[in-house]
$ cat start_32.cif   # mmCIF, C-alpha atoms; chains and numbers go by the auth columns
data_work
loop_
_atom_site.group_PDB
_atom_site.id
_atom_site.type_symbol
_atom_site.label_atom_id
_atom_site.label_comp_id
_atom_site.label_asym_id
_atom_site.label_seq_id
_atom_site.Cartn_x
_atom_site.Cartn_y
_atom_site.Cartn_z
_atom_site.B_iso_or_equiv
_atom_site.auth_seq_id
_atom_site.auth_asym_id
ATOM 1 C CA MET A 1 -39.780 20.760 -8.367 0.00 1 J
ATOM 2 C CA THR A 2 -39.398 24.474 -9.051 0.00 2 J
ATOM 3 C CA PHE A 3 -36.027 26.147 -8.772 0.00 3 J
ATOM 4 C CA GLU A 4 -37.261 27.977 -5.660 0.00 4 J
ATOM 5 C CA GLU A 5 -38.070 24.613 -4.051 0.00 5 J
ATOM 6 C CA ILE A 6 -34.685 23.242 -5.127 0.00 6 J
ATOM 7 C CA LYS A 7 -32.862 26.210 -3.578 0.00 7 J
ATOM 8 C CA LYS A 8 -34.808 25.815 -0.348 0.00 8 J
ATOM 9 C CA ILE A 9 -33.604 22.225 0.049 0.00 9 J
ATOM 10 C CA LEU A 10 -30.048 22.928 -1.040 0.00 10 J
ATOM 11 C CA GLN A 11 -29.456 25.858 1.306 0.00 11 J
ATOM 12 C CA HIS A 12 -29.141 23.453 4.246 0.00 12 J
ATOM 13 C CA LYS A 13 -26.768 21.060 2.484 0.00 13 J
ATOM 14 C CA ILE A 14 -23.012 20.746 2.914 0.00 14 J
ATOM 15 C CA VAL A 15 -20.755 19.362 0.190 0.00 15 J
ATOM 16 C CA GLY A 16 -17.056 18.589 0.648 0.00 16 J
ATOM 17 C CA ILE A 17 -14.806 19.003 -2.367 0.00 17 J
ATOM 18 C CA ALA A 18 -11.391 17.344 -2.185 0.00 18 J
ATOM 19 C CA GLY A 19 -9.229 19.196 -4.677 0.00 19 J
ATOM 20 C CA ALA A 20 -9.859 22.493 -6.456 0.00 20 J
ATOM 21 C CA GLY A 21 -8.364 21.695 -9.841 0.00 21 J
ATOM 22 C CA GLY A 22 -10.141 20.863 -13.074 0.00 22 J
ATOM 23 C CA LEU A 23 -12.782 18.677 -11.462 0.00 23 J
ATOM 24 C CA GLY A 24 -13.160 20.476 -8.137 0.00 24 J
ATOM 25 C CA SER A 25 -13.315 24.060 -9.399 0.00 25 J
ATOM 26 C CA ASN A 26 -15.886 23.329 -12.103 0.00 26 J
ATOM 27 C CA CYS A 27 -17.961 21.041 -9.888 0.00 27 J
ATOM 28 C CA ALA A 28 -17.978 23.628 -7.079 0.00 28 J
ATOM 29 C CA VAL A 29 -19.102 26.393 -9.432 0.00 29 J
ATOM 30 C CA ALA A 30 -22.007 24.277 -10.730 0.00 30 J
ATOM 31 C CA LEU A 31 -23.076 23.476 -7.165 0.00 31 J
ATOM 32 C CA ALA A 32 -22.780 27.142 -6.192 0.00 32 J
ATOM 33 C CA ARG A 33 -24.914 28.280 -9.132 0.00 33 J
ATOM 34 C CA VAL A 34 -27.801 26.061 -7.998 0.00 34 J
ATOM 35 C CA GLY A 35 -27.509 27.323 -4.430 0.00 35 J
ATOM 36 C CA THR A 36 -25.791 24.602 -2.400 0.00 36 J
ATOM 37 C CA GLY A 37 -25.648 25.990 1.149 0.00 37 J
ATOM 38 C CA THR A 38 -22.068 25.239 2.152 0.00 38 J
ATOM 39 C CA LEU A 39 -19.049 24.115 0.164 0.00 39 J
ATOM 40 C CA ILE A 40 -15.975 22.902 2.030 0.00 40 J
ATOM 41 C CA ILE A 41 -13.104 23.125 -0.446 0.00 41 J
ATOM 42 C CA ALA A 42 -9.602 21.799 0.224 0.00 42 J
ATOM 43 C CA ASP A 43 -6.518 22.190 -1.965 0.00 43 J
ATOM 44 C CA PHE A 44 -2.842 22.827 -1.153 0.00 44 J
ATOM 45 C CA ASP A 45 -1.904 24.249 -4.547 0.00 45 J
ATOM 46 C CA VAL A 46 -1.767 27.735 -6.067 0.00 46 J
ATOM 47 C CA VAL A 47 -3.197 28.770 -9.442 0.00 47 J
ATOM 48 C CA SER A 48 -0.692 28.497 -12.291 0.00 48 J
ATOM 49 C CA GLU A 49 -0.968 29.515 -15.933 0.00 49 J
ATOM 50 C CA SER A 50 -1.095 25.881 -17.086 0.00 50 J
ATOM 51 C CA ASN A 51 -4.259 25.353 -15.006 0.00 51 J
ATOM 52 C CA LEU A 52 -6.266 27.852 -17.035 0.00 52 J
ATOM 53 C CA ASN A 53 -6.914 25.381 -19.873 0.00 53 J
ATOM 54 C CA ARG A 54 -9.533 23.693 -17.691 0.00 54 J
ATOM 55 C CA GLN A 55 -9.846 25.121 -14.193 0.00 55 J
ATOM 56 C CA TYR A 56 -12.303 27.788 -13.082 0.00 56 J
ATOM 57 C CA PHE A 57 -9.740 30.503 -12.392 0.00 57 J
ATOM 58 C CA PHE A 58 -8.669 33.697 -14.103 0.00 58 J
ATOM 59 C CA TYR A 59 -5.347 34.981 -15.423 0.00 59 J
ATOM 60 C CA ASP A 60 -5.132 37.617 -12.674 0.00 60 J
ATOM 61 C CA GLN A 61 -5.418 34.875 -10.003 0.00 61 J
ATOM 62 C CA ILE A 62 -2.118 33.166 -10.923 0.00 62 J
ATOM 63 C CA GLY A 63 -0.124 32.606 -7.734 0.00 63 J
ATOM 64 C CA LYS A 64 -3.150 32.642 -5.409 0.00 64 J
ATOM 65 C CA PRO A 65 -4.077 29.576 -3.336 0.00 65 J
ATOM 66 C CA LYS A 66 -6.727 27.703 -5.323 0.00 66 J
ATOM 67 C CA ALA A 67 -9.155 27.271 -2.415 0.00 67 J
ATOM 68 C CA ASP A 68 -9.138 31.047 -1.768 0.00 68 J
ATOM 69 C CA ALA A 69 -9.369 31.946 -5.459 0.00 69 J
ATOM 70 C CA LEU A 70 -12.312 29.580 -5.894 0.00 70 J
ATOM 71 C CA LYS A 71 -14.093 31.120 -2.925 0.00 71 J
ATOM 72 C CA GLU A 72 -13.588 34.524 -4.524 0.00 72 J
ATOM 73 C CA ASN A 73 -15.046 33.326 -7.842 0.00 73 J
ATOM 74 C CA ILE A 74 -17.994 31.565 -6.245 0.00 74 J
ATOM 75 C CA GLN A 75 -18.888 34.644 -4.251 0.00 75 J
ATOM 76 C CA ARG A 76 -19.001 36.688 -7.444 0.00 76 J
ATOM 77 C CA ILE A 77 -21.467 34.116 -8.849 0.00 77 J
ATOM 78 C CA ASN A 78 -23.634 33.457 -5.805 0.00 78 J
ATOM 79 C CA PRO A 79 -22.844 35.322 -2.582 0.00 79 J
ATOM 80 C CA SER A 80 -25.413 33.306 -0.634 0.00 80 J
ATOM 81 C CA VAL A 81 -23.179 30.196 -0.795 0.00 81 J
ATOM 82 C CA LYS A 82 -20.953 29.743 2.236 0.00 82 J
ATOM 83 C CA VAL A 83 -17.504 28.643 1.079 0.00 83 J
ATOM 84 C CA ILE A 84 -15.040 27.275 3.625 0.00 84 J
ATOM 85 C CA PRO A 85 -11.601 27.114 1.992 0.00 85 J
ATOM 86 C CA HIS A 86 -8.771 25.009 3.399 0.00 86 J
ATOM 87 C CA ASN A 87 -5.309 25.633 1.966 0.00 87 J
ATOM 88 C CA ILE A 88 -3.980 22.286 3.076 0.00 88 J
ATOM 89 C CA CYS A 89 -2.809 18.998 1.707 0.00 89 J
ATOM 90 C CA LEU A 90 -5.490 16.433 2.487 0.00 90 J
ATOM 91 C CA THR A 91 -4.291 13.297 4.266 0.00 91 J
ATOM 92 C CA LYS A 92 -5.977 10.296 5.797 0.00 92 J
ATOM 93 C CA GLU A 93 -5.414 11.991 9.153 0.00 93 J
ATOM 94 C CA ASN A 94 -7.154 15.303 8.402 0.00 94 J
ATOM 95 C CA ILE A 95 -9.915 14.156 6.003 0.00 95 J
ATOM 96 C CA PRO A 96 -12.266 12.785 8.708 0.00 96 J
ATOM 97 C CA ALA A 97 -12.403 16.030 10.691 0.00 97 J
ATOM 98 C CA LEU A 98 -12.703 18.225 7.623 0.00 98 J
ATOM 99 C CA PHE A 99 -15.513 16.342 5.889 0.00 99 J
ATOM 100 C CA ARG A 100 -17.369 14.844 8.858 0.00 100 J
ATOM 101 C CA ASP A 101 -20.432 17.079 8.474 0.00 101 J
ATOM 102 C CA CYS A 102 -20.736 16.836 4.694 0.00 102 J
ATOM 103 C CA ASP A 103 -23.822 15.321 3.091 0.00 103 J
ATOM 104 C CA VAL A 104 -21.741 14.266 0.087 0.00 104 J
ATOM 105 C CA ILE A 105 -17.991 14.208 -0.646 0.00 105 J
ATOM 106 C CA VAL A 106 -16.593 14.903 -4.102 0.00 106 J
ATOM 107 C CA GLU A 107 -13.254 13.325 -5.032 0.00 107 J
ATOM 108 C CA ALA A 108 -11.631 15.868 -7.343 0.00 108 J
ATOM 109 C CA PHE A 109 -7.940 15.062 -7.173 0.00 109 J
ATOM 110 C CA ASP A 110 -5.482 14.826 -10.017 0.00 110 J
ATOM 111 C CA LEU A 111 -3.123 11.981 -9.127 0.00 111 J
ATOM 112 C CA ALA A 112 -4.193 8.342 -8.883 0.00 112 J
ATOM 113 C CA GLY A 113 -2.386 7.930 -5.558 0.00 113 J
ATOM 114 C CA GLN A 114 -4.339 10.805 -4.014 0.00 114 J
ATOM 115 C CA LYS A 115 -7.600 9.418 -5.368 0.00 115 J
ATOM 116 C CA GLU A 116 -6.769 6.060 -3.799 0.00 116 J
ATOM 117 C CA MET A 117 -5.953 7.662 -0.441 0.00 117 J
ATOM 118 C CA LEU A 118 -9.184 9.679 -0.366 0.00 118 J
ATOM 119 C CA ILE A 119 -11.438 6.807 -1.431 0.00 119 J
ATOM 120 C CA GLU A 120 -9.825 4.433 1.091 0.00 120 J
ATOM 121 C CA THR A 121 -10.161 7.003 3.858 0.00 121 J
ATOM 122 C CA VAL A 122 -13.797 7.838 3.109 0.00 122 J
ATOM 123 C CA LEU A 123 -14.803 4.172 2.715 0.00 123 J
ATOM 124 C CA THR A 124 -13.094 3.397 6.030 0.00 124 J
ATOM 125 C CA GLU A 125 -14.217 6.414 8.074 0.00 125 J
ATOM 126 C CA PHE A 126 -17.614 7.125 6.488 0.00 126 J
ATOM 127 C CA PRO A 127 -18.778 3.966 4.705 0.00 127 J
ATOM 128 C CA ASP A 128 -22.341 5.335 4.497 0.00 128 J
ATOM 129 C CA LYS A 129 -21.486 8.764 3.132 0.00 129 J
ATOM 130 C CA PRO A 130 -21.981 9.196 -0.616 0.00 130 J
ATOM 131 C CA LEU A 131 -18.695 9.716 -2.455 0.00 131 J
ATOM 132 C CA VAL A 132 -18.589 11.002 -6.027 0.00 132 J
ATOM 133 C CA VAL A 133 -15.367 10.114 -7.851 0.00 133 J
ATOM 134 C CA GLY A 134 -13.958 11.485 -11.139 0.00 134 J
ATOM 135 C CA LEU A 135 -12.093 8.821 -13.072 0.00 135 J
ATOM 136 C CA GLY A 136 -10.754 9.098 -16.627 0.00 136 J
ATOM 137 C CA MET A 137 -11.243 12.340 -18.550 0.00 137 J
ATOM 138 C CA ALA A 138 -7.997 13.115 -20.386 0.00 138 J
ATOM 139 C CA GLY A 139 -8.011 14.135 -24.032 0.00 139 J
ATOM 140 C CA TRP A 140 -10.917 15.221 -26.211 0.00 140 J
ATOM 141 C CA GLY A 141 -13.850 13.751 -28.138 0.00 141 J
ATOM 142 C CA ASN A 142 -15.344 10.373 -27.186 0.00 142 J
ATOM 143 C CA ASN A 143 -18.352 11.832 -25.443 0.00 143 J
ATOM 144 C CA ASP A 144 -20.159 8.534 -25.683 0.00 144 J
ATOM 145 C CA VAL A 145 -17.814 6.589 -23.390 0.00 145 J
ATOM 146 C CA ILE A 146 -18.142 8.997 -20.464 0.00 146 J
ATOM 147 C CA HIS A 147 -20.535 7.479 -17.968 0.00 147 J
ATOM 148 C CA CYS A 148 -21.566 7.317 -14.338 0.00 148 J
ATOM 149 C CA ARG A 149 -21.961 4.124 -12.357 0.00 149 J
ATOM 150 C CA LYS A 150 -22.836 3.378 -8.770 0.00 150 J
ATOM 151 C CA VAL A 151 -20.883 0.970 -6.560 0.00 151 J
ATOM 152 C CA ASP A 152 -22.547 0.858 -3.147 0.00 152 J
ATOM 153 C CA ASN A 153 -22.253 4.456 -1.912 0.00 153 J
ATOM 154 C CA MET A 154 -19.612 5.444 -4.440 0.00 154 J
ATOM 155 C CA PHE A 155 -20.491 7.048 -7.756 0.00 155 J
ATOM 156 C CA ILE A 156 -17.823 6.859 -10.465 0.00 156 J
ATOM 157 C CA CYS A 157 -17.946 9.490 -13.211 0.00 157 J
ATOM 158 C CA GLY A 158 -15.679 9.450 -16.262 0.00 158 J
ATOM 159 C CA ASP A 159 -14.551 7.004 -18.922 0.00 159 J
ATOM 160 C CA GLU A 160 -12.358 5.063 -16.423 0.00 160 J
ATOM 161 C CA VAL A 161 -9.622 4.565 -19.058 0.00 161 J
ATOM 162 C CA SER A 162 -8.215 7.895 -20.309 0.00 162 J
ATOM 163 C CA GLU A 163 -5.196 8.576 -18.120 0.00 163 J
ATOM 164 C CA ILE A 164 -3.262 11.803 -18.605 0.00 164 J
ATOM 165 C CA THR A 165 -0.027 11.602 -20.631 0.00 165 J
ATOM 166 C CA PRO A 166 1.974 14.362 -22.387 0.00 166 J
ATOM 167 C CA ASP A 167 0.038 13.511 -25.552 0.00 167 J
ATOM 168 C CA LEU A 168 -3.308 13.198 -23.820 0.00 168 J
ATOM 169 C CA PRO A 169 -3.599 16.233 -21.547 0.00 169 J
ATOM 170 C CA PRO A 170 -6.585 17.058 -19.378 0.00 170 J
ATOM 171 C CA ILE A 171 -8.340 19.993 -21.108 0.00 171 J
ATOM 172 C CA ALA A 172 -11.488 22.000 -20.552 0.00 172 J
ATOM 173 C CA PRO A 173 -14.284 20.219 -22.439 0.00 173 J
ATOM 174 C CA ARG A 174 -13.880 16.665 -21.153 0.00 174 J
ATOM 175 C CA VAL A 175 -12.765 17.679 -17.669 0.00 175 J
ATOM 176 C CA GLY A 176 -15.737 20.045 -17.539 0.00 176 J
ATOM 177 C CA ILE A 177 -18.122 17.300 -18.628 0.00 177 J
ATOM 178 C CA VAL A 178 -16.954 14.979 -15.849 0.00 178 J
ATOM 179 C CA ALA A 179 -16.912 17.788 -13.245 0.00 179 J
ATOM 180 C CA ASN A 180 -20.469 18.735 -14.142 0.00 180 J
ATOM 181 C CA MET A 181 -21.473 15.083 -14.193 0.00 181 J
ATOM 182 C CA GLN A 182 -20.156 14.860 -10.621 0.00 182 J
ATOM 183 C CA ALA A 183 -22.157 17.967 -9.689 0.00 183 J
ATOM 184 C CA ASN A 184 -25.224 16.413 -11.306 0.00 184 J
ATOM 185 C CA VAL A 185 -24.851 13.263 -9.179 0.00 185 J
ATOM 186 C CA VAL A 186 -24.394 15.396 -6.053 0.00 186 J
ATOM 187 C CA LEU A 187 -27.547 17.332 -6.867 0.00 187 J
ATOM 188 C CA ASP A 188 -29.487 14.150 -7.425 0.00 188 J
ATOM 189 C CA LEU A 189 -28.348 12.844 -4.023 0.00 189 J
ATOM 190 C CA LEU A 190 -29.119 16.101 -2.223 0.00 190 J
ATOM 191 C CA LEU A 191 -32.608 16.409 -3.655 0.00 191 J
ATOM 192 C CA LYS A 192 -33.635 12.837 -2.798 0.00 192 J
ATOM 193 C CA MET B 1 -16.065 -21.748 -7.172 0.00 1 U
ATOM 194 C CA LYS B 2 -18.008 -18.953 -8.748 0.00 2 U
ATOM 195 C CA ILE B 3 -17.535 -15.283 -7.886 0.00 3 U
ATOM 196 C CA ILE B 4 -18.757 -12.030 -9.372 0.00 4 U
ATOM 197 C CA LEU B 5 -15.787 -9.902 -10.419 0.00 5 U
ATOM 198 C CA ASN B 6 -16.607 -6.354 -11.515 0.00 6 U
ATOM 199 C CA ASN B 7 -20.179 -7.406 -12.281 0.00 7 U
ATOM 200 C CA ASN B 8 -19.141 -10.424 -14.364 0.00 8 U
ATOM 201 C CA PRO B 9 -19.388 -14.063 -13.255 0.00 9 U
ATOM 202 C CA GLU B 10 -16.022 -15.822 -12.974 0.00 10 U
ATOM 203 C CA ILE B 11 -15.363 -19.511 -12.426 0.00 11 U
ATOM 204 C CA LEU B 12 -12.185 -20.113 -10.418 0.00 12 U
ATOM 205 C CA GLU B 13 -10.483 -23.306 -9.283 0.00 13 U
ATOM 206 C CA GLY B 14 -10.584 -24.281 -5.608 0.00 14 U
ATOM 207 C CA ASN B 15 -12.734 -23.120 -2.705 0.00 15 U
ATOM 208 C CA SER B 16 -11.003 -19.845 -1.947 0.00 16 U
ATOM 209 C CA ILE B 17 -8.356 -17.508 -3.243 0.00 17 U
ATOM 210 C CA THR B 18 -6.548 -14.562 -1.636 0.00 18 U
ATOM 211 C CA VAL B 19 -6.940 -11.069 -3.034 0.00 19 U
ATOM 212 C CA ASN B 20 -3.289 -11.090 -4.131 0.00 20 U
ATOM 213 C CA GLN B 21 -3.752 -14.401 -5.941 0.00 21 U
ATOM 214 C CA LEU B 22 -6.790 -13.031 -7.741 0.00 22 U
ATOM 215 C CA LEU B 23 -4.847 -9.923 -8.827 0.00 23 U
ATOM 216 C CA GLN B 24 -2.069 -12.124 -10.211 0.00 24 U
ATOM 217 C CA LEU B 25 -4.475 -14.507 -11.881 0.00 25 U
ATOM 218 C CA LYS B 26 -6.379 -11.721 -13.626 0.00 26 U
ATOM 219 C CA ASN B 27 -3.164 -9.830 -14.419 0.00 27 U
ATOM 220 C CA PHE B 28 -4.343 -6.702 -12.605 0.00 28 U
ATOM 221 C CA THR B 29 -1.000 -4.946 -12.504 0.00 29 U
ATOM 222 C CA PHE B 30 -2.150 -1.411 -11.675 0.00 30 U
ATOM 223 C CA LYS B 31 -0.562 -0.077 -8.513 0.00 31 U
ATOM 224 C CA MET B 32 -3.449 2.147 -7.489 0.00 32 U
ATOM 225 C CA LEU B 33 -6.465 0.038 -6.654 0.00 33 U
ATOM 226 C CA ILE B 34 -9.597 0.023 -4.591 0.00 34 U
ATOM 227 C CA ILE B 35 -10.832 -3.458 -3.750 0.00 35 U
ATOM 228 C CA LYS B 36 -14.154 -4.268 -2.122 0.00 36 U
ATOM 229 C CA ILE B 37 -15.538 -7.674 -1.230 0.00 37 U
ATOM 230 C CA ASN B 38 -19.308 -7.784 -0.740 0.00 38 U
ATOM 231 C CA GLY B 39 -19.346 -4.020 -0.318 0.00 39 U
ATOM 232 C CA THR B 40 -16.556 -3.819 2.266 0.00 40 U
ATOM 233 C CA LEU B 41 -13.207 -2.196 1.536 0.00 41 U
ATOM 234 C CA VAL B 42 -10.162 -4.464 1.740 0.00 42 U
ATOM 235 C CA GLN B 43 -7.340 -2.516 3.386 0.00 43 U
ATOM 236 C CA LYS B 44 -4.080 -2.305 1.437 0.00 44 U
ATOM 237 C CA GLY B 45 -2.087 -4.371 3.911 0.00 45 U
ATOM 238 C CA ALA B 46 -4.621 -7.192 3.866 0.00 46 U
ATOM 239 C CA TYR B 47 -4.417 -8.352 0.240 0.00 47 U
ATOM 240 C CA GLU B 48 -2.212 -11.294 1.217 0.00 48 U
ATOM 241 C CA THR B 49 -4.442 -12.467 4.047 0.00 49 U
ATOM 242 C CA THR B 50 -7.953 -11.712 2.815 0.00 50 U
ATOM 243 C CA ALA B 51 -9.691 -14.664 1.199 0.00 51 U
ATOM 244 C CA ILE B 52 -12.370 -14.590 -1.465 0.00 52 U
ATOM 245 C CA HIS B 53 -14.941 -17.376 -1.266 0.00 53 U
ATOM 246 C CA ASP B 54 -17.601 -18.900 -3.465 0.00 54 U
ATOM 247 C CA GLY B 55 -20.431 -16.463 -4.124 0.00 55 U
ATOM 248 C CA ASP B 56 -18.458 -13.344 -3.182 0.00 56 U
ATOM 249 C CA GLU B 57 -18.916 -10.162 -5.099 0.00 57 U
ATOM 250 C CA VAL B 58 -15.567 -8.487 -5.787 0.00 58 U
ATOM 251 C CA LEU B 59 -14.900 -4.990 -7.073 0.00 59 U
ATOM 252 C CA VAL B 60 -11.454 -4.078 -8.377 0.00 60 U
ATOM 253 C CA LEU B 61 -11.322 -0.412 -9.344 0.00 61 U
ATOM 254 C CA HIS B 62 -8.234 0.859 -11.181 0.00 62 U
ATOM 255 C CA LEU B 63 -7.398 4.425 -10.299 0.00 63 U
ATOM 256 C CA ILE B 64 -5.897 6.583 -13.025 0.00 64 U
ATOM 257 C CA SER B 65 -4.586 10.133 -12.884 0.00 65 U
ATOM 258 C CA GLY B 66 -6.441 13.157 -14.186 0.00 66 U
ATOM 259 C CA GLY B 67 -8.609 15.865 -12.764 0.00 67 U
#
$ encode --input "start_32.cif" --output "structure tokens"
Amino acid sequence: MTFEEIKKILQHKIVGIAGAGGLGSNCAVALARVGTGTLIIADFDVVSESNLNRQYFFYDQIGKPKADALKENIQRINPSVKVIPHNICLTKENIPALFRDCDVIVEAFDLAGQKEMLIETVLTEFPDKPLVVGLGMAGWGNNDVIHCRKVDNMFICGDEVSEITPDLPPIAPRVGIVANMQANVVLDLLLK
Amino acid sequence: MKIILNNNPEILEGNSITVNQLLQLKNFTFKMLIIKINGTLVQKGAYETTAIHDGDEVLVLHLISGG
């Protein structure tokens, strides 16, 4: 498939991204670069200086809502992508309405409890919708244990063991690998 | 009975076991979990009442923070 053919397919696709942190911002940018038609991005947080070690934001965006800042950045990369930002905290009540029309949903949260809530909600409300989860990417090195596996309609990307601690922070290279791995799975699903 | 737990065969005593009993037996102490039996999500409140039977395929996914 040529890139022109890829773009033609992708322009009609809608991807939901739950969280615009390390996973969500990098995954969204990769999907925007290849020409995904619509990205629905939800995050309640604002950009802070400590985010810049891994998240696709800039120093002059500190204080801005992440969903808006990410839209800004994506439009500088590829203005043909439609970005729908939601500056809200996702809950099991609002997720169904927000992501109903998505071809694929990307789980890109930080906290385990939020991941659990999103996965439970998607598996309950949309059991047939592909869900791409990021799980385990703290620290550095250990490229070889990062993997992707499929469980029914859920795709799990990461090493599944490296939880963040003060001595094992989430930082750009490994978070970026998993975010791009998620984008790669999304692409694979969209082009099938 | 024989079940498949996270892609591995497991031999367990008896004809059935509840999800909670399985978690205790396997020492799965993580608080944040996704559990599926034969591809269907088990809701959080149903761990005590949902039974696993011979031949069932069980997924227990531990959720950890980071992203």
$ residues_around --input "start_32.cif" --residues "Gly176 (chain J)" --least-positions-apart "3" --cutoff "10 Å" --atoms "only C-alpha atoms" --output "list in words"
Gly22, Leu23, Gly24, Ser25, Asn26, Cys27, Arg54, Gln55, Tyr56, Met137, Pro170, Ile171, Ala172, Pro173, Ala179, Asn180, Met181 and Gln182 of chain J; Gly67 of chain U
$ resolve_selection --input "start_32.cif" --expression "the PyMOL selection byres ((chain U) within 6 of (chain J))" --output "PDB file with C-alpha atoms, in the frame of the given file"
ATOM      1  CA  LEU U  63      -7.398   4.425 -10.299  1.00  0.00           C
ATOM      2  CA  ILE U  64      -5.897   6.583 -13.025  1.00  0.00           C
ATOM      3  CA  SER U  65      -4.586  10.133 -12.884  1.00  0.00           C
ATOM      4  CA  GLY U  66      -6.441  13.157 -14.186  1.00  0.00           C
ATOM      5  CA  GLY U  67      -8.609  15.865 -12.764  1.00  0.00           C
TER       6      GLY U  67
END
$ atom_distance --input "start_32.cif" --atom1 "CA of Leu187 (chain J)" --atom2 "CA of Asn143 (chain J)"
21.4 Å
$ closest_residue --input "start_32.cif" --among "U:Glu57, U:Thr49, U:Lys31, U:Ser16" --to "Ile4 (chain U)" --atoms "only C-alpha atoms"
U:Glu57
$ closest_residue --input "start_32.cif" --among "J:Glu93, J:Leu191, J:Ile77, J:Glu72" --to "Thr2 (chain J)" --atoms "all atoms listed in the file"
J:Leu191
$ resolve_selection --input "start_32.cif" --expression "the PyMOL selection byres ((chain J and resi 132) around 6)" --output "list in words"
Val106, Glu107, Leu131, Val133, Met154 and Phe155 of chain J
$ resolve_selection --input "start_32.cif" --expression "the PyMOL selection byres ((chain J and resi 64) around 6)" --output "list in words"
Val46, Val47, Gln61, Ile62, Gly63 and Pro65 of chain J
$ write_last_selection --input "start_32.cif" --atoms "C-alpha atoms" --output "PDB file, in the frame of the given file"
ATOM      1  CA  VAL J  46      -1.767  27.735  -6.067  1.00  0.00           C
ATOM      2  CA  VAL J  47      -3.197  28.770  -9.442  1.00  0.00           C
ATOM      3  CA  GLN J  61      -5.418  34.875 -10.003  1.00  0.00           C
ATOM      4  CA  ILE J  62      -2.118  33.166 -10.923  1.00  0.00           C
ATOM      5  CA  GLY J  63      -0.124  32.606  -7.734  1.00  0.00           C
ATOM      6  CA  PRO J  65      -4.077  29.576  -3.336  1.00  0.00           C
TER       7      PRO J  65
END
$ atom_distance --input "start_32.cif" --atom1 "CA of Leu70 (chain J)" --atom2 "CA of His12 (chain J)"
20.6 Å
$ axis_aligned_box --input "start_32.cif" --around "region 129-132 of chain J" --padding-each-side "5 Å" --output "JSON"
{"center_x": -20.3, "center_y": 9.9, "center_z": -1.4, "size_x": 13.4, "size_y": 12.2, "size_z": 19.2}
$ closest_residue --input "start_32.cif" --among "U:Val19, U:Ile11, U:Ala51, U:Ile3" --to "Ile34 (chain U)" --atoms "only C-alpha atoms"
U:Val19
$ atom_distance --input "start_32.cif" --atom1 "CA of Asn27 (chain U)" --atom2 "CA of Trp140 (chain J)"
28.8 Å
$ residues_around --input "start_32.cif" --residues "Gly37 (chain J)" --least-positions-apart "4" --cutoff "9 Å" --atoms "all atoms listed in the file" --output "PyMOL selection string"
chain J and resi 7+9-15+32+80-83
$ residues_around --input "start_32.cif" --residues "Gly14 (chain U)" --least-positions-apart "5" --cutoff "10 Å" --atoms "only C-alpha atoms" --output "list in words"
Met1, Lys2, His53 and Asp54 of chain U
$ residues_around --input "start_32.cif" --residues "Ile37 (chain U)" --least-positions-apart "5" --cutoff "7 Å" --atoms "only C-alpha atoms" --output "list of chain:residue names"
U:Val42, U:Asp56, U:Glu57, U:Val58, U:Leu59
$ residues_around --input "start_32.cif" --residues "Ala42 (chain J)" --least-positions-apart "4" --cutoff "7 Å" --atoms "all atoms listed in the file" --output "short mmCIF file (atom, residue, chain, number, x, y, z; two decimals) with C-alpha atoms, in the frame of the given file"
data_model
loop_
_atom_site.label_atom_id
_atom_site.label_comp_id
_atom_site.auth_asym_id
_atom_site.auth_seq_id
_atom_site.Cartn_x
_atom_site.Cartn_y
_atom_site.Cartn_z
CA ILE J 17 -14.81 19.00 -2.37
CA ALA J 18 -11.39 17.34 -2.18
CA GLY J 19 -9.23 19.20 -4.68
CA ALA J 20 -9.86 22.49 -6.46
CA ALA J 67 -9.15 27.27 -2.42
CA PRO J 85 -11.60 27.11 1.99
CA HIS J 86 -8.77 25.01 3.40
CA ASN J 87 -5.31 25.63 1.97
CA ILE J 88 -3.98 22.29 3.08
#
$ closest_residue --input "start_32.cif" --among "U:Thr18, U:Glu13, U:Phe28, U:Leu33" --to "Ala46 (chain U)" --atoms "all atoms listed in the file"
U:Thr18
$ closest_residue --input "start_32.cif" --among "J:Asp43, J:Glu125, J:Ile74, J:Arg149" --to "Leu41 (chain U)" --atoms "only C-alpha atoms"
J:Glu125
$ closest_residue --input "start_32.cif" --among "J:Asp68, J:Glu5, J:Asp188, J:Asp45" --to "Pro130 (chain J)" --atoms "all atoms listed in the file"
J:Asp188
